[in-house]
Amino acid sequence: MVGYVCKYTPYLVIESLGEKTVRIEPKISSYEMSNSLTHPNICSYAKLVLEEILKKKTDKIILTNCCDSIRRLYDILEALPFIKFLHIIDLPKKRDQKGRFLFKNEIIKLIKRYKEFSGKNLDIGNLRDLLNNLSPSIEKRNEKLNLVIIGGRCKESIIEIVEEFGGNILYNLTCTGNRPPYRPIGINEDPIEAYANILLDSYPCMRMDDTKERLDIFTQDKRIDGVIYHTVKFCDLYSYEYADIKDKIDIPLLKLETDYTDTSEGQIRTRVQAFIESLKEKAKKDIQPKSTRKDLIVAGIDSGSTSTNAVIIDANRRILGFSIIPTGAKSIESAYRALEEALKTSGIKMEDLSYIVATGYGRISIHFANLEVTEITCHAKGAFFLNKDIRTIIDVGGQDSKVIKIDKDGNIIDFVMNDKCSAGTGRFLENMSRVLEIPVDRMGKESLDWKEDLEISSMCTVFAESEVISLIAKNKDRKDIIRAIHKSIVKRIISFIERINGEPRYIMTGGVAKNIGVVRCLEEKLGEKVIVPDEPQIVGALGSALIGLEKLEGLTICV
Amino acid sequence: MEKIIKAYSNLMKRNLDKPELVKFLIKIGLEVAKLWVDYVGDKDAPESLRYLNSICFKFILEPLRDPNNSAFVNLLAPTEILHSMDIYPLFIEAYSSFISGFYCENAFIDKATAEGISDTLCSYHKTFLGALELSILPKLKFAVTSSILCDGNSNTFRYIANRYKIPYYIIDIPYGYSEESVRYVVNQLKEMISIVEAITQKRFDIDRLREIIRLENRTKGYIRSYLESLKNHTMPNSISLEMYKLFVTHPYMGREETFRFFKILADDVIKYPDSGYRIFWIHIMPYFSYPIQRYLNFNKDFKLIGCDLNFDYLEDMDERKPLEAIARKLMLNVNNGNFKRKIDNIKKLIIDLKVDGVIHFCQWGCKQSFGGFMLLKKEIEKMGIPFLAIDGDAVDRRNNPEEQINTRLSAFFEVLTERGKRW
Ligand code: SF4
Ligand code: SF4
Ligand code: SF4
């Protein structure tokens, strides 16, 4: 079995040489061995490929001269004793005549090397057949939401999530994407030359010189409902294209960054699901209420990483009761307890509940809920319900922070979430409270009468922590240090707000909204007042209860 | 001095919404800096290095003064062709370094990342792109880059050219060397020349290019003689000055000033005796880092002997076939192709220059270099030479953990002195 990574790999010639091939698709959740062979900051995908090769002892590998990370991967693999066949294809960036000639010769070189290695001969007729048997890729067409996935290499699981929630991938312009448009090869045509042309004629990746074709689809294909832009951590090739198109195209766009491991799947799920929900919401028609029952009672549960919150509402959208409890080891148990407590405060019995909606990080495991909706949709719903003037929702919780932009009707226009890093979240505040030996809930007040304007420059929590420690060592006043910490959180939030062009009025929700110091710094930076609801932690749960009610009333077709 | 620069930096940062003003401030700042370098300068530095400092300011100012007759390039662009047509190159690594010299890199970088540029991209590129996004980057006539050294080049240049709607040309340098790939590159050089002729309305003259190459060869003669002398002499040096050499060993190779610099350098070096531990640096340097400055700037005990990037291609070029010669120069640069080529070059330099210790700088985002540093480390340690790798950022101060660097450097130099001189 010969492993390869790049879509430009002429793997069929290897098959015609009688060897099976496989595209390396690592399914690994951590880097164990690769870190001793290279720097942790090379592209996450390349690092996982190395990990996979080491684990599976893959001994025959073909790479392309794709990028810096893959070139260095080649050098590292070259030094591994168990590898029997290693080849790098010199992929030209130019697709003109000269580039094509060069690439064809690269294929010939590969054949020659593999022949020498295996002692087998190329069956040219077989190659022609293989090429001819690959029928032209048929575009899928259906009534679902049509999405484009574009960007750097994209894991199969992301596509599966999109499909699970009812999205149809119209184009996949990532490294794992659409097969090249194969065309029949005539009897008198040289299959190798034809193969080189077929590969170079596929949608160019960002490594190619001329990449215009990639973006043409957005102007030419009117069926596209949404775009998912995917980038791999530590791969920079694709962020240029994202920066370029994000304001240019008029189609809703979701930016996803993954490190290609399995660990971020929960996050990706939430974001993809929320994105698809928002697309569906947009397509929502005016539907008359189906039900006008007045005895409906709905519960919303927001299962977050640090707290689980529940809200009970009635058909008049009055809040009957709520609860906020810390999330324990099992999210379903915490959810049940939160629900029980909220029921207690509202004097309602479990059996009187008409409907339960779960949201938040742990929503998938709350089996007793009738419906699960992402926290993005729920926060938008809850915040808009509280105040119709709100256009930007800033939610900073224990482990994640997000900023959501909505329009005058409460529809989501755009949103951003933090990735795995905890900068700008409650977790960061908690760590700092430990370092500074002050309870988290006192930090806000304490910071208000600051004197000296200190700065923490690093966004990375690890570096920021060491900056805080050195400020302590310099005997700086705790008040001022706390304020600097708040400012650094706000800096992160502001970058999110800028990314989606947030507009007033702003609302801040989530546990960190209770910290008056952070709110003040944020207001200072925004030059705007920020609304903080009385109970900033229950906005998500409230939104999910509202969605439940709408569902019962037949207002929402989104879920 | 630092206070003045910081105040100037604040003035710039306060006016980021007035790009024309900031552009002007950058230019004036550099003009003043040049005057300072010319008339005051670094008293500890030998004459040749003071001259180097001065011409670097001259080089960076040329395109800023005359943007209509200038082009964006990367470190490994075929600038000989531009010199032959009297077009001024502006290489992006230098521009970003100077922005960082003005303490403005953070604002520029934040702007680039807010626009969606990856924060894991190398800061040389992020700063440059930030300047573009802030409309502070001057709009030059066109852009030329080669695909080698790092991935950022082709993408950054394409991005800038599209934004400024100026022509750009990427010279795709194949990974492997063969006569066929030389032809592929020559062909591109020809295409590039015709594009440049069309944009600038200047005529390319092959004989003029031959003259440039002849000068380049004579310059390289002095570099080789400098290297030879370095075996028995060590010169006062600083991390900034060693970085400035990148100007003359790369984009400005083939210029009169460069020739003159290496000529005086070759004379200068023999004035100094051999002393101290010889430290060899791999990759770029965070010139602003205090701990590194403390250990390596004009230090009597630890002598910064050189940096691998300045010795990546020292062969003579065939002036009879100038385009082929340029193609070969680009393809055979030790930073192209297999990493072994770079390792072998470094090993040779270590032996030639009797190096006592090696420091490898892992620049944030520079995958091409740090991706292979474990391979390099293994080889150098096999030679019995102490090797230190430090993580940091030569542009973005926020990414340069000074405390950590200090601790690691101190430990490294302790080990070095403990072991005694190697050669
Ligand atoms: S970026 Fe291009 S060259 Fe690299 S793996 Fe993807 S398709 Fe292949
Ligand atoms: S994800 Fe990016 S950096 Fe990684 S291998 Fe692909 S193109 Fe290279
Ligand atoms: S430091 Fe590395 S990534 Fe940055 S410009 Fe130089 S070669 Fe490219």
# chains A, B, ... in the order shown; residues from 1 in each chain; ligands from 1

call {"tool": "interface_residues", "arguments": {"of": "chain A", "to": "chain B", "cutoff": "6 Å", "atoms": "only C-alpha atoms", "output": "PyMOL selection string"}}
result
chain A and resi 37-39+42+68-69+72+90+234+236+239-240+243+457-458+499

call {"tool": "residues_near_ligand", "arguments": {"ligand": "ligand 1", "cutoff": "10 Å", "atoms": "only C-alpha atoms and all ligand atoms", "output": "VMD selection string"}}
result
chain A and resid 4 to 9 46 63 to 70 89 to 93 151 to 154 173 to 177 202 to 208 235 237 to 238

call {"tool": "residues_around", "arguments": {"residues": "Tyr295 (chain B)", "least_positions_apart": "5", "cutoff": "10 Å", "atoms": "only C-alpha atoms", "output": "PyMOL selection string"}}
result
chain B and resi 238-239+290+300-304+406+409-410+413

call {"tool": "residues_around", "arguments": {"residues": "Ser354 (chain A)", "least_positions_apart": "3", "cutoff": "7 Å", "atoms": "only C-alpha atoms", "output": "list in words"}}
result
Leu296, Ile297 and Val298 of chain A

call {"tool": "write_last_selection", "arguments": {"atoms": "all heavy atoms", "output": "CSV table (one decimal), in the first residue's frame"}}
result
chain,number,residue,atom,x,y,z
A,296,LEU,N,-49.2,26.3,27.5
A,296,LEU,CA,-47.9,25.7,27.2
A,296,LEU,C,-46.8,26.2,28.2
A,296,LEU,O,-46.8,27.4,28.5
A,296,LEU,CB,-47.4,26.2,25.8
A,296,LEU,CG,-48.3,25.7,24.6
A,296,LEU,CD1,-47.8,26.4,23.3
A,296,LEU,CD2,-48.2,24.2,24.5
A,297,ILE,N,-46.0,25.2,28.6
A,297,ILE,CA,-44.9,25.6,29.5
A,297,ILE,C,-43.6,24.9,28.9
A,297,ILE,O,-43.6,23.7,28.6
A,297,ILE,CB,-45.1,25.2,30.9
A,297,ILE,CG1,-46.3,26.0,31.5
A,297,ILE,CG2,-43.9,25.4,31.8
A,297,ILE,CD1,-46.7,25.7,32.9
A,298,VAL,N,-42.6,25.7,28.7
A,298,VAL,CA,-41.4,25.2,28.0
A,298,VAL,C,-40.2,25.4,28.9
A,298,VAL,O,-40.1,26.5,29.5
A,298,VAL,CB,-41.2,25.9,26.6
A,298,VAL,CG1,-40.0,25.3,26.0
A,298,VAL,CG2,-42.4,25.6,25.8

call {"tool": "residues_around", "arguments": {"residues": "region 415-422 of chain B", "least_positions_apart": "3", "cutoff": "9 Å", "atoms": "only C-alpha atoms", "output": "list in words"}}
result
Gly276, Tyr277, Arg278, Lys354, Val355, Asp356, Gly357, Gly384, Ile385, Pro386, Ser410, Ala411 and Phe412 of chain B

call {"tool": "select_by_dssp", "arguments": {"residues": "region 31-174 of chain A", "states": "strand (DSSP E)", "output": "PyMOL selection string"}}
result
chain A and resi 60-64+85-89+145-151+167-173

call {"tool": "residues_around", "arguments": {"residues": "region 78-94 of chain B", "least_positions_apart": "5", "cutoff": "7 Å", "atoms": "only C-alpha atoms", "output": "PyMOL selection string"}}
result
chain B and resi 60+62-63+69-73+124+128+204+208-209+212+251+254+326

call {"tool": "residues_around", "arguments": {"residues": "Arg442 (chain A)", "least_positions_apart": "5", "cutoff": "10 Å", "atoms": "only C-alpha atoms", "output": "JSON, numbers by chain"}}
result
{"A": [433, 447, 515, 516, 517]}

call {"tool": "closest_residue", "arguments": {"among": "A:Glu446, A:Glu257, A:Glu281, A:Glu333", "to": "Met417 (chain A)", "atoms": "only C-alpha atoms"}}
result
A:Glu257

call {"tool": "closest_residue", "arguments": {"among": "A:Val232, A:Leu147, A:Ala194, A:Ile404", "to": "ligand 2", "atoms": "only C-alpha atoms and all ligand atoms"}}
result
A:Val232

call {"tool": "atom_distance", "arguments": {"atom1": "CA of Thr263 (chain A)", "atom2": "CA of Ser29 (chain A)"}}
result
5.7 Å

call {"tool": "atom_distance", "arguments": {"atom1": "CA of Met1 (chain A)", "atom2": "CA of Ile111 (chain A)"}}
result
15.6 Å

call {"tool": "select_by_dssp", "arguments": {"residues": "region 200-350 of chain A", "states": "helix (DSSP H, G or I)", "output": "PyMOL selection string"}}
result
chain A and resi 200+212-220+239-245+265-282+331-346+350

call {"tool": "write_last_selection", "arguments": {"atoms": "C-alpha atoms", "output": "PDB file, in the first residue's frame"}}
result
ATOM      1  CA  LEU A 200      -3.517  20.254 -13.540  1.00  0.00           C
ATOM      2  CA  LYS A 212      -8.926  32.835 -10.137  1.00  0.00           C
ATOM      3  CA  GLU A 213     -11.056  29.837 -11.072  1.00  0.00           C
ATOM      4  CA  ARG A 214     -11.629  29.138  -7.400  1.00  0.00           C
ATOM      5  CA  LEU A 215     -13.611  32.265  -6.852  1.00  0.00           C
ATOM      6  CA  ASP A 216     -15.457  32.237 -10.161  1.00  0.00           C
ATOM      7  CA  ILE A 217     -17.954  29.767  -8.794  1.00  0.00           C
ATOM      8  CA  PHE A 218     -19.315  32.394  -6.436  1.00  0.00           C
ATOM      9  CA  THR A 219     -20.265  34.697  -9.241  1.00  0.00           C
ATOM     10  CA  GLN A 220     -21.341  32.005 -11.639  1.00  0.00           C
ATOM     11  CA  SER A 239      -5.990  32.621   5.281  1.00  0.00           C
ATOM     12  CA  TYR A 240      -5.094  34.957   2.423  1.00  0.00           C
ATOM     13  CA  GLU A 241      -7.994  33.740   0.381  1.00  0.00           C
ATOM     14  CA  TYR A 242     -10.310  33.955   3.362  1.00  0.00           C
ATOM     15  CA  ALA A 243      -9.216  37.529   4.057  1.00  0.00           C
ATOM     16  CA  ASP A 244      -9.754  38.301   0.414  1.00  0.00           C
ATOM     17  CA  ILE A 245     -13.219  36.864  -0.070  1.00  0.00           C
ATOM     18  CA  GLU A 265     -15.130  17.692  16.858  1.00  0.00           C
ATOM     19  CA  GLY A 266     -17.636  18.942  19.479  1.00  0.00           C
ATOM     20  CA  GLN A 267     -16.814  22.538  18.697  1.00  0.00           C
ATOM     21  CA  ILE A 268     -17.013  21.983  14.978  1.00  0.00           C
ATOM     22  CA  ARG A 269     -20.370  20.316  15.354  1.00  0.00           C
ATOM     23  CA  THR A 270     -21.776  23.280  17.200  1.00  0.00           C
ATOM     24  CA  ARG A 271     -20.514  25.774  14.725  1.00  0.00           C
ATOM     25  CA  VAL A 272     -21.566  23.907  11.614  1.00  0.00           C
ATOM     26  CA  GLN A 273     -24.957  23.149  13.099  1.00  0.00           C
ATOM     27  CA  ALA A 274     -25.467  26.786  14.147  1.00  0.00           C
ATOM     28  CA  PHE A 275     -24.459  27.946  10.705  1.00  0.00           C
ATOM     29  CA  ILE A 276     -26.918  25.650   9.002  1.00  0.00           C
ATOM     30  CA  GLU A 277     -29.609  26.669  11.463  1.00  0.00           C
ATOM     31  CA  SER A 278     -29.038  30.289  10.645  1.00  0.00           C
ATOM     32  CA  LEU A 279     -29.212  29.552   6.919  1.00  0.00           C
ATOM     33  CA  LYS A 280     -32.482  27.764   7.394  1.00  0.00           C
ATOM     34  CA  GLU A 281     -33.798  30.538   9.579  1.00  0.00           C
ATOM     35  CA  LYS A 282     -33.031  32.924   6.764  1.00  0.00           C
ATOM     36  CA  SER A 331     -23.560  16.916  31.746  1.00  0.00           C
ATOM     37  CA  ILE A 332     -26.826  14.990  31.700  1.00  0.00           C
ATOM     38  CA  GLU A 333     -26.935  14.807  35.501  1.00  0.00           C
ATOM     39  CA  SER A 334     -26.221  18.523  35.868  1.00  0.00           C
ATOM     40  CA  ALA A 335     -28.875  19.257  33.278  1.00  0.00           C
ATOM     41  CA  TYR A 336     -31.414  17.248  35.184  1.00  0.00           C
ATOM     42  CA  ARG A 337     -30.559  18.956  38.445  1.00  0.00           C
ATOM     43  CA  ALA A 338     -30.717  22.405  36.860  1.00  0.00           C
ATOM     44  CA  LEU A 339     -34.110  21.586  35.434  1.00  0.00           C
ATOM     45  CA  GLU A 340     -35.400  20.317  38.765  1.00  0.00           C
ATOM     46  CA  GLU A 341     -34.235  23.462  40.517  1.00  0.00           C
ATOM     47  CA  ALA A 342     -35.741  25.767  37.942  1.00  0.00           C
ATOM     48  CA  LEU A 343     -39.008  23.874  38.231  1.00  0.00           C
ATOM     49  CA  LYS A 344     -38.863  24.267  41.989  1.00  0.00           C
ATOM     50  CA  THR A 345     -38.377  28.040  41.789  1.00  0.00           C
ATOM     51  CA  SER A 346     -41.310  28.321  39.402  1.00  0.00           C
ATOM     52  CA  MET A 350     -42.090  18.060  35.620  1.00  0.00           C
TER      53      MET A 350
END

call {"tool": "decode", "arguments": {"residues": "region 223-251 of chain B", "atoms": "N, CA, C and O atoms", "output": "PDB file, in the first residue's frame"}}
result
ATOM      1  N   ILE B 223      33.885  38.287  -0.717  1.00  0.00           N
ATOM      2  CA  ILE B 223      33.205  37.536   0.360  1.00  0.00           C
ATOM      3  C   ILE B 223      34.026  36.290   0.694  1.00  0.00           C
ATOM      4  O   ILE B 223      34.238  35.965   1.859  1.00  0.00           O
ATOM      5  N   ARG B 224      34.512  35.639  -0.352  1.00  0.00           N
ATOM      6  CA  ARG B 224      35.289  34.427  -0.090  1.00  0.00           C
ATOM      7  C   ARG B 224      36.580  34.760   0.642  1.00  0.00           C
ATOM      8  O   ARG B 224      37.009  34.036   1.545  1.00  0.00           O
ATOM      9  N   SER B 225      37.145  35.903   0.278  1.00  0.00           N
ATOM     10  CA  SER B 225      38.387  36.255   0.969  1.00  0.00           C
ATOM     11  C   SER B 225      38.090  36.642   2.427  1.00  0.00           C
ATOM     12  O   SER B 225      38.857  36.331   3.345  1.00  0.00           O
ATOM     13  N   TYR B 226      36.943  37.289   2.636  1.00  0.00           N
ATOM     14  CA  TYR B 226      36.513  37.608   4.008  1.00  0.00           C
ATOM     15  C   TYR B 226      36.338  36.323   4.817  1.00  0.00           C
ATOM     16  O   TYR B 226      36.830  36.196   5.946  1.00  0.00           O
ATOM     17  N   LEU B 227      35.685  35.352   4.198  1.00  0.00           N
ATOM     18  CA  LEU B 227      35.465  34.068   4.876  1.00  0.00           C
ATOM     19  C   LEU B 227      36.790  33.406   5.234  1.00  0.00           C
ATOM     20  O   LEU B 227      36.966  32.866   6.321  1.00  0.00           O
ATOM     21  N   GLU B 228      37.721  33.468   4.287  1.00  0.00           N
ATOM     22  CA  GLU B 228      39.035  32.874   4.492  1.00  0.00           C
ATOM     23  C   GLU B 228      39.721  33.526   5.702  1.00  0.00           C
ATOM     24  O   GLU B 228      40.247  32.838   6.581  1.00  0.00           O
ATOM     25  N   SER B 229      39.622  34.874   5.739  1.00  0.00           N
ATOM     26  CA  SER B 229      40.280  35.588   6.844  1.00  0.00           C
ATOM     27  C   SER B 229      39.602  35.314   8.177  1.00  0.00           C
ATOM     28  O   SER B 229      40.248  35.351   9.229  1.00  0.00           O
ATOM     29  N   LEU B 230      38.302  35.076   8.112  1.00  0.00           N
ATOM     30  CA  LEU B 230      37.575  34.822   9.361  1.00  0.00           C
ATOM     31  C   LEU B 230      38.106  33.592  10.096  1.00  0.00           C
ATOM     32  O   LEU B 230      37.877  33.429  11.286  1.00  0.00           O
ATOM     33  N   LYS B 231      38.809  32.745   9.368  1.00  0.00           N
ATOM     34  CA  LYS B 231      39.360  31.562  10.024  1.00  0.00           C
ATOM     35  C   LYS B 231      40.355  31.944  11.113  1.00  0.00           C
ATOM     36  O   LYS B 231      40.503  31.256  12.110  1.00  0.00           O
ATOM     37  N   ASN B 232      41.043  33.079  10.890  1.00  0.00           N
ATOM     38  CA  ASN B 232      42.073  33.465  11.862  1.00  0.00           C
ATOM     39  C   ASN B 232      41.823  34.802  12.530  1.00  0.00           C
ATOM     40  O   ASN B 232      42.682  35.326  13.229  1.00  0.00           O
ATOM     41  N   HIS B 233      40.675  35.369  12.251  1.00  0.00           N
ATOM     42  CA  HIS B 233      40.345  36.674  12.854  1.00  0.00           C
ATOM     43  C   HIS B 233      38.892  36.662  13.285  1.00  0.00           C
ATOM     44  O   HIS B 233      38.074  35.960  12.703  1.00  0.00           O
ATOM     45  N   THR B 234      38.575  37.473  14.309  1.00  0.00           N
ATOM     46  CA  THR B 234      37.160  37.665  14.641  1.00  0.00           C
ATOM     47  C   THR B 234      36.897  39.152  14.727  1.00  0.00           C
ATOM     48  O   THR B 234      37.681  39.896  15.328  1.00  0.00           O
ATOM     49  N   MET B 235      35.795  39.576  14.130  1.00  0.00           N
ATOM     50  CA  MET B 235      35.505  41.009  14.064  1.00  0.00           C
ATOM     51  C   MET B 235      34.458  41.397  15.080  1.00  0.00           C
ATOM     52  O   MET B 235      33.595  40.597  15.402  1.00  0.00           O
ATOM     53  N   PRO B 236      34.500  42.657  15.541  1.00  0.00           N
ATOM     54  CA  PRO B 236      33.378  43.136  16.350  1.00  0.00           C
ATOM     55  C   PRO B 236      32.114  43.091  15.492  1.00  0.00           C
ATOM     56  O   PRO B 236      32.160  43.413  14.307  1.00  0.00           O
ATOM     57  N   ASN B 237      31.031  42.698  16.102  1.00  0.00           N
ATOM     58  CA  ASN B 237      29.813  42.500  15.315  1.00  0.00           C
ATOM     59  C   ASN B 237      28.604  42.678  16.224  1.00  0.00           C
ATOM     60  O   ASN B 237      28.728  42.640  17.444  1.00  0.00           O
ATOM     61  N   SER B 238      27.465  42.876  15.630  1.00  0.00           N
ATOM     62  CA  SER B 238      26.240  42.920  16.433  1.00  0.00           C
ATOM     63  C   SER B 238      25.148  42.194  15.669  1.00  0.00           C
ATOM     64  O   SER B 238      25.253  41.976  14.455  1.00  0.00           O
ATOM     65  N   ILE B 239      24.083  41.836  16.376  1.00  0.00           N
ATOM     66  CA  ILE B 239      23.036  41.079  15.694  1.00  0.00           C
ATOM     67  C   ILE B 239      22.354  41.935  14.626  1.00  0.00           C
ATOM     68  O   ILE B 239      22.000  41.433  13.574  1.00  0.00           O
ATOM     69  N   SER B 240      22.225  43.237  14.878  1.00  0.00           N
ATOM     70  CA  SER B 240      21.605  44.083  13.844  1.00  0.00           C
ATOM     71  C   SER B 240      22.480  44.121  12.603  1.00  0.00           C
ATOM     72  O   SER B 240      22.004  43.997  11.486  1.00  0.00           O
ATOM     73  N   LEU B 241      23.770  44.296  12.820  1.00  0.00           N
ATOM     74  CA  LEU B 241      24.664  44.414  11.668  1.00  0.00           C
ATOM     75  C   LEU B 241      24.697  43.121  10.853  1.00  0.00           C
ATOM     76  O   LEU B 241      24.726  43.140   9.630  1.00  0.00           O
ATOM     77  N   GLU B 242      24.674  42.004  11.576  1.00  0.00           N
ATOM     78  CA  GLU B 242      24.680  40.731  10.852  1.00  0.00           C
ATOM     79  C   GLU B 242      23.396  40.604  10.015  1.00  0.00           C
ATOM     80  O   GLU B 242      23.414  40.069   8.913  1.00  0.00           O
ATOM     81  N   MET B 243      22.290  41.126  10.573  1.00  0.00           N
ATOM     82  CA  MET B 243      21.040  41.101   9.815  1.00  0.00           C
ATOM     83  C   MET B 243      21.101  42.041   8.615  1.00  0.00           C
ATOM     84  O   MET B 243      20.574  41.752   7.554  1.00  0.00           O
ATOM     85  N   TYR B 244      21.754  43.194   8.805  1.00  0.00           N
ATOM     86  CA  TYR B 244      21.886  44.128   7.680  1.00  0.00           C
ATOM     87  C   TYR B 244      22.615  43.491   6.503  1.00  0.00           C
ATOM     88  O   TYR B 244      22.407  43.851   5.362  1.00  0.00           O
ATOM     89  N   LYS B 245      23.481  42.536   6.814  1.00  0.00           N
ATOM     90  CA  LYS B 245      24.232  41.896   5.716  1.00  0.00           C
ATOM     91  C   LYS B 245      23.299  41.200   4.737  1.00  0.00           C
ATOM     92  O   LYS B 245      23.654  40.969   3.581  1.00  0.00           O
ATOM     93  N   LEU B 246      22.094  40.860   5.216  1.00  0.00           N
ATOM     94  CA  LEU B 246      21.138  40.227   4.294  1.00  0.00           C
ATOM     95  C   LEU B 246      20.819  41.127   3.102  1.00  0.00           C
ATOM     96  O   LEU B 246      20.523  40.651   2.015  1.00  0.00           O
ATOM     97  N   PHE B 247      20.868  42.428   3.325  1.00  0.00           N
ATOM     98  CA  PHE B 247      20.626  43.359   2.210  1.00  0.00           C
ATOM     99  C   PHE B 247      21.650  43.116   1.110  1.00  0.00           C
ATOM    100  O   PHE B 247      21.313  43.004  -0.057  1.00  0.00           O
ATOM    101  N   VAL B 248      22.911  43.063   1.522  1.00  0.00           N
ATOM    102  CA  VAL B 248      23.972  43.040   0.523  1.00  0.00           C
ATOM    103  C   VAL B 248      24.258  41.639  -0.014  1.00  0.00           C
ATOM    104  O   VAL B 248      24.745  41.502  -1.141  1.00  0.00           O
ATOM    105  N   THR B 249      23.938  40.622   0.796  1.00  0.00           N
ATOM    106  CA  THR B 249      24.178  39.280   0.252  1.00  0.00           C
ATOM    107  C   THR B 249      23.012  38.843  -0.623  1.00  0.00           C
ATOM    108  O   THR B 249      23.104  37.839  -1.306  1.00  0.00           O
ATOM    109  N   HIS B 250      21.918  39.561  -0.590  1.00  0.00           N
ATOM    110  CA  HIS B 250      20.764  39.150  -1.392  1.00  0.00           C
ATOM    111  C   HIS B 250      20.255  40.228  -2.351  1.00  0.00           C
ATOM    112  O   HIS B 250      20.842  40.387  -3.403  1.00  0.00           O
ATOM    113  N   PRO B 251      19.216  40.993  -1.976  1.00  0.00           N
ATOM    114  CA  PRO B 251      18.609  41.835  -3.023  1.00  0.00           C
ATOM    115  C   PRO B 251      19.565  42.860  -3.625  1.00  0.00           C
ATOM    116  O   PRO B 251      19.404  43.239  -4.777  1.00  0.00           O
TER     117      PRO B 251
END
